[in-house]
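**Student:** Structure incoming, see below.
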Amino acid sequence: MNPILEVKNLSVVYESSGFNALQAVDHVSFALEAGEFVGLVGESGSGKSTLGLAITRLQKPPARTNGGQIFFRGKDIRELDAETLRQQRQGGFAMVLQSGMNALNPVRTIRNHFIDIFRAHGHVGKSGWDARQIELMEKVGLPKETLARFPGELSGGMRQRVSIALALSLEPQLMVFDEPTTALDVLVQQAIMDTIKSLQKSEGFTAVLISHDLGVVLESTQRVLVMHEGRIVEDAPSRDILENPQDEYTRMLLSHYADPRAEVVELPGFPDRAGRDTGGAARTAGATARDGRSSDSAIVVDHVSKVYPPPRRGEQAVTAVDDVSFTLEPGQSLALVGASGSGKSTIAKLITGIEKPTAGTVEFGRLDVAQLGRRQIRELHKNVQMIFQDPYSALNPLHTVEYTLTRPVVNFGGLRGPAARKRVLELLETVGLAPVEQFAAKLPHQLSGGQRQRVVIARALASNPQVLIADEPVSMLDVSLRAGVLALLEDLRAQWGVSMLYITHDLLSARLVTENIMVLNGGRVVERGNTAQVLQHPEDEYTIRLLDAVPNPARARGAAV
Amino acid sequence: MMYVLRRIGFFLLTLWAAVTLNFLLPRMMPGSPTDAAIAKLAQNGPVTDATRKAIEAQLGVPDGNIFEQYLGYLHQVITLDFGVSYTFYPQSVSEMVWQAFPYTVILVGFVTIIAFVLGTLIGVLTAWKRNTWLDALPTLTGSFASTFPYFWTALLLLFFLGYVLHLFPTSGAFGPTATPALTWDFFTDVLYHAALPALTILITSLGGWIIGMRNAMINTLGDDYVTFAEANGLKGRTVAIRYAARNAILPNLTGFGLALGGVVGGSVLVEQVFGYPGIGYLLFNAVIGQDYPLMQALFLMITVSVLIANFLVDIMYGVLDPRTRR
């Protein structure tokens with residue numbers, strides 16, 4: 001059988017004036033048989049998205065194909081002129097972009113998006129437009145009323161479904177999905193992947209799934225291409241990748257997956273908790289003694305609710321947090337897990353005094369957070385610090401690391417001159433950014449994502465806080481960088497006695513760095529307890545759903561056997 | 001519909017605030033027209049109280065407390081009665097403003113709209129064909145022309161097209177032989193006289209619109225929905241206009257609103273240079289002649305026109321951007 005797509009020695013280069021040319025895709029060759037479902041996996045910067053755009057002829061300057069051929073149904077699409085290429089897109093190859101939320105024109109209704117495509121290709125007669133639109137919406141699981149909406153009126157998951165329906169309307173033989181679920185919530189992610197899988201079966205198109213998440217890819221595809229630094233380092237059936245990975249890099253990626261439900265959970269550089277734990281209380285006592293932390297630095301959340309006024313007139317008020325109580329003792333770590341909208345970030349805002357509870361109280365030591373004046377809030381923030389999700393936007397790109405860290409050292413610590421500088425270097429040492437002098441002088445864009453997140457953590461530590469609130473601190477990082485940052489957080493707690501509220505939807509990381517866990521759904525606590533116990537023996541149906549949504553290569557193996 | 005009603009409500013509220021400020025501000029300022037007149041007379045000798053009373057009566061200084069004055073003022077505004085001009089006595093202020101208004105609206109208003117439409121279209125073209133000569137030529141000439149001081153361009157055009165080539169008249173809104181009437185002849189004569197000032201405005205403002213639209217559209221061309229539209233094989237024209245340009249124009253509408261609002265107030269220079277009898281010309285003469293009733297009416301009018309322009313742009317936003325319709 002002839003392959004539907006054959007890529008031979010393809011190279012793509014980024015050429016911007018003033019920068020060195022970057023060979024993003026470097027002599028890549030592979031072939032796809034009709035009906036295959038293939039995964040393309042790699043970390044950020046591996047060239048996977050560039051490759052995806054190149055094989056659908058969507059790349060834009062400064063990217064340029066500088067070698068090789070792309071045969072689609074035997075014809076080199078690099079040689080097609082613009083109009084033939086445009087016509088080719090109907091019944092040829094289609095693309096679903098990474099951020100489905102932004103892939104729709106904000107000023108056109110969904111119906112008009114379909115009509116634009118029908119008009120452009122004329123493959124559906126005008127009398128059949130309505131029926132075809134409704135049929136496509138049904139295929140992706142959306143009600144036909146959605147057609148009259150504007151993109152801004154739909155949720156992220158619905159928009160991604162619309163994108164898939166639009167791509168389907170082209171009746172493509174090859175579909176490329178570029179990170180189709182990345183920015184979406186865990187449960188939505190799983191539902192969309194299910195839709196894609198069943199559509200691939202029922203429609204019979206050949207599919208390429210580009211993702212940074214080997215777990216997601218192994219769960220859905222039959223064959224995986226692993227990309228690293230512009231090259232395909234491994235090309236094998238999914239099962240072989242899982243059971244007998246040949247390449248060093250593939251093995252490294254795989255080693256960062258574990259089942260949060262397992263008896264023993266380990267990652268590279270991260271031994272299982274049971275082996276490390278000598279009992280939280282004893283360590284806490286030691287830490288307290290050493291740092292002279294007072295025991296009244298506990299955070300007590302007592303029957304707290306937060307109700308937001310209705311977003312539009314005539315709608316219901318939004319209850320973000322509903323009667324939640326918990327205590328975070330000094331030196332403890334507590335995970336708050338739940339899908340987006342479960343209220344976990346609102347709780348962080350209530351603790352830091354950014355929002356005031358509608359009912360109940362939040363206490364830090366003896367302070368009632370809601371009653372604090374300006375000066376006391378400042379004192380609170382000295383002791384309770386946040387670590388944000390996105391290290392790329394949490395640092396001012398114009399300031400050096402030293403400046404960023406000097407601000408809190410001066411403002412909270414009251415240090416000046418050489419003393420302040422000494423403290424900054426100490427902080428860098430603590431978060432493992434050595435040689436410290438070099439890192440102090442760097443600007444954010446000279447750092448990797450993991451290094452940036454370490455700077456964010458160092459900034460949070462500058463005031464010598466007693467509580468850290470980490471809001472999805474590793475979700476924006478590549479898998480291989482996550483373990484390091486998690487290990488750092490764990491270290492801070494064990495060595496410095498900092499207590500940590502760890503907010504996440506990622507159950508695996510919660511299992512690694514926390515002792516206790518609270519599962520939130522719709523603002524309510526549905527399950528709580530020891531992290532390992534709750535994840536191994538979940539009782540609430542919602543917790544079970546969250547666990548099922550975790551992409552897990554091992555489970556794919558179970559299904560395959 | 002809710003959106004339009006809310007916008008109308010907001011418009012009426014700001015209108016009331018502006019009208020009230022126009023009433024309060026002169027009263028809060030130190031000195032008064034009477035004081036100014038008496039100071040002038042005092043240079044020649046002592047001024048009696050009777051003289052002061054006479055001057056006040058002559059200027060129409062209002063009686064009653066400030067609240068009664070305010071009511072009277074509101075009544076005058078609603079009936080468009082702004083009193084009698086000092087410098088063009090006995091003509092009433094409303095009559096003079098009404099005569100000047102059409103010229104300014106036709107000249108500056110119309111040209112501003114044309115400049116916006118033309119500049120936006122060229123901007124779309126340059127962004128779509130970027131890095132070709134179709135981009136470089138309009139962008140370069142546009143930005144070059146818009147760097148000239150406005151009056152200098154005006155003088156250049158007057159000199160070459162007016163004095164040297166005699167292609168266009170050099171001043172006035174219509175010829176000496178024409179009589180204002182709603183006839184075809186008069187209309188073409190007005191257009192003929194408006195050509196040079198219109199050209200000046202066009203030359204100096206077009207570049208800004210081209211570059212604004214070009215930049216906005218280059219941004220939207222990088223947006224995901226444009227890439228996705230291309231991935232779906234939409235025709236180039238559809239992608240350029242319905243996807244890229246359609247979204248790029250939204251931020252430019254704000255600038256357009258400001259420019260429209262500035263039409264009445266910003267026409268002073270152009271009308272002065274070309275001796276064009278519009279609002280700007282009138283305002284200039286009102287300030288020179290210390291014609292307080294005329295000034296007050298013109299200031300109010302400038303404020304109101306800014307408000308109306310903003311209101312229109314708000315409504316346009318509502319039509320063009322579904323996200324604002326909440």
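Just so we're on the same page: first chain in the structure tokens is A, next is B, and so on; residues restart at 1 for each chain, and ligands are numbered from 1 in the order they show up.
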Only residues of chain B matter here; which ones have an atom within 6 Å of chain A, counting only C-alpha atoms? Give them as a VMD selection string.
**Tutor:** chain B and resid 224 to 225 228 233 to 235 321
**Student:** Could the residues in this selection be saved with C-alpha atoms as an mmCIF file, in the first residue's frame?
**Tutor:**
data_model
loop_
_atom_site.group_PDB
_atom_site.id
_atom_site.type_symbol
_atom_site.label_atom_id
_atom_site.label_comp_id
_atom_site.auth_asym_id
_atom_site.auth_seq_id
_atom_site.Cartn_x
_atom_site.Cartn_y
_atom_site.Cartn_z
ATOM 1 C CA ASP B 224 -4.632 31.725 15.299
ATOM 2 C CA TYR B 225 -7.977 32.236 13.605
ATOM 3 C CA PHE B 228 -6.907 28.247 10.956
ATOM 4 C CA GLY B 233 -8.551 26.658 2.578
ATOM 5 C CA LEU B 234 -10.631 29.826 2.630
ATOM 6 C CA LYS B 235 -9.972 32.157 -0.270
ATOM 7 C CA ASP B 321 -17.913 43.501 17.883
#
**Student:** Can you list, as a ChimeraX atom specification, all residues belonging to region 57-296 of chain B that DSSP tags as alpha helix (DSSP H)?
**Tutor:** /B:57-59,66-78,93-104,110-128,133-147,150-157,184-221,224-231,236-238,246-265,268-273,279-288,292-296
**Student:** Give the strand (DSSP E) residues of region 44-118 of chain A, as DSSP finds them on the backbone, and put them as a list in words.
**Tutor:**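 Everything in region 44-118 of chain A that counts as strand (DSSP E) is Ala63, Arg64, Thr65, Gln69, Ile70, Phe71, Phe72, Lys75, Asp76, Phe93, Ala94, Met95 and Val96 of chain A.
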**Student:** With only C-alpha atoms as the atoms that count, which of A:Tyr308, A:Tyr542, A:Phe326, A:Phe177 lies nearest to Met193 (chain A)?
**Tutor:**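 For Met193 (chain A), the nearest of the given residues is A:Phe177.
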**Student:** For Asp291 (chain B), work out the shell of residues within 10 Å, counting only C-alpha atoms and skipping chain neighbours fewer than 4 positions away, then give it as a ChimeraX atom specification.
**Tutor:** /B:33,84-88,93,283,285-287,295-296
**Student:** Could you write out the selected residues, including N, CA, C and O atoms, as a JSON list (two decimals), in the first residue's frame?
**Tutor:**
[["chain", "number", "residue", "atom", "x", "y", "z"],
["B", 33, "PRO", "N", -16.54, 89.62, 32.17],
["B", 33, "PRO", "CA", -16.54, 90.56, 31.04],
["B", 33, "PRO", "C", -16.73, 92.00, 31.52],
["B", 33, "PRO", "O", -16.09, 92.93, 31.01],
["B", 84, "VAL", "N", -26.99, 87.40, 21.55],
["B", 84, "VAL", "CA", -26.60, 88.16, 20.36],
["B", 84, "VAL", "C", -25.09, 88.33, 20.35],
["B", 84, "VAL", "O", -24.47, 88.53, 21.38],
["B", 85, "SER", "N", -24.51, 88.19, 19.16],
["B", 85, "SER", "CA", -23.06, 88.33, 19.03],
["B", 85, "SER", "C", -22.63, 89.76, 19.31],
["B", 85, "SER", "O", -23.31, 90.71, 18.93],
["B", 86, "TYR", "N", -21.48, 89.94, 20.02],
["B", 86, "TYR", "CA", -20.95, 91.30, 20.24],
["B", 86, "TYR", "C", -20.39, 91.87, 18.96],
["B", 86, "TYR", "O", -20.61, 93.01, 18.61],
["B", 87, "THR", "N", -19.59, 91.05, 18.27],
["B", 87, "THR", "CA", -18.85, 91.59, 17.13],
["B", 87, "THR", "C", -19.69, 91.70, 15.87],
["B", 87, "THR", "O", -19.41, 92.54, 15.03],
["B", 88, "PHE", "N", -20.69, 90.85, 15.72],
["B", 88, "PHE", "CA", -21.49, 90.89, 14.49],
["B", 88, "PHE", "C", -22.92, 91.33, 14.80],
["B", 88, "PHE", "O", -23.87, 90.85, 14.22],
["B", 93, "VAL", "N", -26.31, 84.62, 17.82],
["B", 93, "VAL", "CA", -25.24, 83.63, 17.82],
["B", 93, "VAL", "C", -25.66, 82.35, 17.11],
["B", 93, "VAL", "O", -24.92, 81.82, 16.27],
["B", 283, "LEU", "N", -14.65, 80.70, 15.40],
["B", 283, "LEU", "CA", -14.08, 80.61, 16.75],
["B", 283, "LEU", "C", -12.89, 81.55, 16.87],
["B", 283, "LEU", "O", -12.74, 82.28, 17.86],
["B", 285, "ASN", "N", -12.29, 84.27, 15.21],
["B", 285, "ASN", "CA", -12.74, 85.66, 15.28],
["B", 285, "ASN", "C", -13.42, 85.96, 16.61],
["B", 285, "ASN", "O", -13.31, 87.08, 17.12],
["B", 286, "ALA", "N", -14.12, 84.97, 17.17],
["B", 286, "ALA", "CA", -14.78, 85.19, 18.45],
["B", 286, "ALA", "C", -13.75, 85.45, 19.54],
["B", 286, "ALA", "O", -13.92, 86.33, 20.38],
["B", 287, "VAL", "N", -12.64, 84.69, 19.50],
["B", 287, "VAL", "CA", -11.61, 84.86, 20.52],
["B", 287, "VAL", "C", -10.94, 86.23, 20.34],
["B", 287, "VAL", "O", -10.75, 86.97, 21.31],
["B", 295, "MET", "N", -18.38, 82.65, 21.80],
["B", 295, "MET", "CA", -17.43, 81.66, 22.30],
["B", 295, "MET", "C", -18.14, 80.57, 23.09],
["B", 295, "MET", "O", -17.87, 79.38, 22.90],
["B", 296, "GLN", "N", -19.04, 81.01, 23.98],
["B", 296, "GLN", "CA", -19.69, 80.03, 24.83],
["B", 296, "GLN", "C", -20.48, 79.01, 23.98],
["B", 296, "GLN", "O", -20.41, 77.81, 24.21]]
**Student:** Using only C-alpha atoms, which protein or nucleic acid residues come within 7 Å of Asp302 (chain A)? Drop anything in the same chain fewer than 4 positions from it, and give the result as a list in words.
**Tutor:**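 Result of the neighbour search: Val324, Ser325, Phe326, Gly360, Thr361 and Val362 of chain A.
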**Student:** Output N, CA, C and O atoms for every residue in that selection, as an mmCIF file, in the first residue's frame.
**Tutor:**
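Output below, filename out-v4.cif:
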data_model
loop_
_atom_site.group_PDB
_atom_site.id
_atom_site.type_symbol
_atom_site.label_atom_id
_atom_site.label_comp_id
_atom_site.auth_asym_id
_atom_site.auth_seq_id
_atom_site.Cartn_x
_atom_site.Cartn_y
_atom_site.Cartn_z
ATOM 1 N N VAL A 324 -15.943 25.594 53.331
ATOM 2 C CA VAL A 324 -14.702 24.821 53.371
ATOM 3 C C VAL A 324 -13.968 25.107 54.679
ATOM 4 O O VAL A 324 -13.868 26.259 55.089
ATOM 5 N N SER A 325 -13.496 24.062 55.337
ATOM 6 C CA SER A 325 -12.700 24.224 56.560
ATOM 7 C C SER A 325 -11.453 23.361 56.451
ATOM 8 O O SER A 325 -11.529 22.221 55.989
ATOM 9 N N PHE A 326 -10.318 23.924 56.859
ATOM 10 C CA PHE A 326 -9.124 23.095 57.013
ATOM 11 C C PHE A 326 -8.086 23.870 57.805
ATOM 12 O O PHE A 326 -8.194 25.083 57.994
ATOM 13 N N GLY A 360 -17.727 32.839 57.202
ATOM 14 C CA GLY A 360 -16.621 32.119 57.796
ATOM 15 C C GLY A 360 -15.394 32.994 57.979
ATOM 16 O O GLY A 360 -15.405 34.171 57.615
ATOM 17 N N THR A 361 -14.339 32.416 58.563
ATOM 18 C CA THR A 361 -13.135 33.208 58.810
ATOM 19 C C THR A 361 -11.897 32.480 58.319
ATOM 20 O O THR A 361 -11.860 31.250 58.261
ATOM 21 N N VAL A 362 -10.888 33.273 57.928
ATOM 22 C CA VAL A 362 -9.578 32.749 57.593
ATOM 23 C C VAL A 362 -8.614 33.351 58.602
ATOM 24 O O VAL A 362 -8.547 34.578 58.740
#
**Student:** Which residues are close to Thr352 (chain A), i.e. within 9 Å by only C-alpha atoms, leaving aside same-chain residues fewer than 6 positions away? Reply as a PyMOL selection string.
**Tutor:** chain A and resi 369+377+380-381+384-386+469
**Student:** Quick one: write out the picked residues with all heavy atoms as a PDB file, in the first residue's frame?
**Tutor:**
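For reference, again_5.pdb as written:
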ATOM      1  N   VAL A 369      -7.681  37.263  58.754  1.00  0.00           N
ATOM      2  CA  VAL A 369      -7.197  37.840  57.495  1.00  0.00           C
ATOM      3  C   VAL A 369      -8.161  38.879  56.928  1.00  0.00           C
ATOM      4  O   VAL A 369      -7.748  39.913  56.391  1.00  0.00           O
ATOM      5  CB  VAL A 369      -6.917  36.721  56.463  1.00  0.00           C
ATOM      6  CG1 VAL A 369      -6.615  37.303  55.096  1.00  0.00           C
ATOM      7  CG2 VAL A 369      -5.754  35.857  56.930  1.00  0.00           C
ATOM      8  N   ILE A 377      -1.777  43.612  56.407  1.00  0.00           N
ATOM      9  CA  ILE A 377      -1.774  42.819  55.183  1.00  0.00           C
ATOM     10  C   ILE A 377      -0.338  42.647  54.701  1.00  0.00           C
ATOM     11  O   ILE A 377       0.096  41.578  54.277  1.00  0.00           O
ATOM     12  CB  ILE A 377      -2.625  43.507  54.079  1.00  0.00           C
ATOM     13  CG1 ILE A 377      -4.111  43.277  54.324  1.00  0.00           C
ATOM     14  CG2 ILE A 377      -2.232  43.025  52.705  1.00  0.00           C
ATOM     15  CD1 ILE A 377      -4.644  41.959  53.812  1.00  0.00           C
ATOM     16  N   LEU A 380       1.194  40.110  56.671  1.00  0.00           N
ATOM     17  CA  LEU A 380       0.692  38.803  56.230  1.00  0.00           C
ATOM     18  C   LEU A 380       1.458  38.329  55.003  1.00  0.00           C
ATOM     19  O   LEU A 380       1.873  37.184  54.905  1.00  0.00           O
ATOM     20  CB  LEU A 380      -0.806  38.905  55.927  1.00  0.00           C
ATOM     21  CG  LEU A 380      -1.447  37.640  55.345  1.00  0.00           C
ATOM     22  CD1 LEU A 380      -1.689  36.625  56.448  1.00  0.00           C
ATOM     23  CD2 LEU A 380      -2.759  37.954  54.654  1.00  0.00           C
ATOM     24  N   HIS A 381       1.657  39.261  54.064  1.00  0.00           N
ATOM     25  CA  HIS A 381       2.315  38.881  52.811  1.00  0.00           C
ATOM     26  C   HIS A 381       3.785  38.576  53.024  1.00  0.00           C
ATOM     27  O   HIS A 381       4.402  37.877  52.229  1.00  0.00           O
ATOM     28  CB  HIS A 381       2.137  39.986  51.767  1.00  0.00           C
ATOM     29  CG  HIS A 381       0.749  40.025  51.225  1.00  0.00           C
ATOM     30  ND1 HIS A 381       0.278  41.028  50.427  1.00  0.00           N
ATOM     31  CD2 HIS A 381      -0.281  39.167  51.381  1.00  0.00           C
ATOM     32  CE1 HIS A 381      -0.980  40.797  50.131  1.00  0.00           C
ATOM     33  NE2 HIS A 381      -1.340  39.675  50.706  1.00  0.00           N
ATOM     34  N   VAL A 384       3.157  34.917  54.151  1.00  0.00           N
ATOM     35  CA  VAL A 384       2.449  34.019  53.236  1.00  0.00           C
ATOM     36  C   VAL A 384       2.760  34.458  51.817  1.00  0.00           C
ATOM     37  O   VAL A 384       2.377  35.541  51.402  1.00  0.00           O
ATOM     38  CB  VAL A 384       0.926  34.072  53.477  1.00  0.00           C
ATOM     39  CG1 VAL A 384       0.214  33.117  52.543  1.00  0.00           C
ATOM     40  CG2 VAL A 384       0.596  33.745  54.912  1.00  0.00           C
ATOM     41  N   GLN A 385       3.504  33.650  51.080  1.00  0.00           N
ATOM     42  CA  GLN A 385       3.923  34.039  49.734  1.00  0.00           C
ATOM     43  C   GLN A 385       3.355  33.099  48.678  1.00  0.00           C
ATOM     44  O   GLN A 385       3.103  31.932  48.942  1.00  0.00           O
ATOM     45  CB  GLN A 385       5.448  34.045  49.659  1.00  0.00           C
ATOM     46  CG  GLN A 385       6.079  35.319  50.199  1.00  0.00           C
ATOM     47  CD  GLN A 385       5.978  36.474  49.222  1.00  0.00           C
ATOM     48  OE1 GLN A 385       6.098  36.289  48.012  1.00  0.00           O
ATOM     49  NE2 GLN A 385       5.729  37.659  49.732  1.00  0.00           N
ATOM     50  N   MET A 386       3.151  33.662  47.483  1.00  0.00           N
ATOM     51  CA  MET A 386       2.579  32.885  46.375  1.00  0.00           C
ATOM     52  C   MET A 386       3.664  32.494  45.369  1.00  0.00           C
ATOM     53  O   MET A 386       4.568  33.270  45.095  1.00  0.00           O
ATOM     54  CB  MET A 386       1.556  33.727  45.607  1.00  0.00           C
ATOM     55  CG  MET A 386       0.259  33.996  46.307  1.00  0.00           C
ATOM     56  SD  MET A 386      -0.905  32.650  46.156  1.00  0.00           S
ATOM     57  CE  MET A 386      -1.242  32.610  44.398  1.00  0.00           C
ATOM     58  N   ILE A 469       2.185  29.380  49.061  1.00  0.00           N
ATOM     59  CA  ILE A 469       1.027  28.903  48.318  1.00  0.00           C
ATOM     60  C   ILE A 469       1.480  28.719  46.882  1.00  0.00           C
ATOM     61  O   ILE A 469       1.821  29.690  46.205  1.00  0.00           O
ATOM     62  CB  ILE A 469      -0.133  29.897  48.400  1.00  0.00           C
ATOM     63  CG1 ILE A 469      -0.540  30.069  49.864  1.00  0.00           C
ATOM     64  CG2 ILE A 469      -1.306  29.407  47.565  1.00  0.00           C
ATOM     65  CD1 ILE A 469      -1.653  31.043  50.067  1.00  0.00           C
TER      66      ILE A 469
END
**Student:** Given the choices B:Ile308, B:Ala36, B:Ile302, B:Val319, which gets closest to Phe10 (chain B) if the distance is worked out from only C-alpha atoms?
**Tutor:**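 Using only C-alpha atoms, the shortest distance to Phe10 (chain B) belongs to B:Ile308.
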**Student:** Taking only C-alpha atoms into account, name the residue in B:Leu155, B:Ala145, B:Leu121, B:Val264 that is nearest to Arg246 (chain B).
**Tutor:**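 Between B:Leu155, B:Ala145, B:Leu121, B:Val264, the residue approaching Arg246 (chain B) most closely is B:Leu121.
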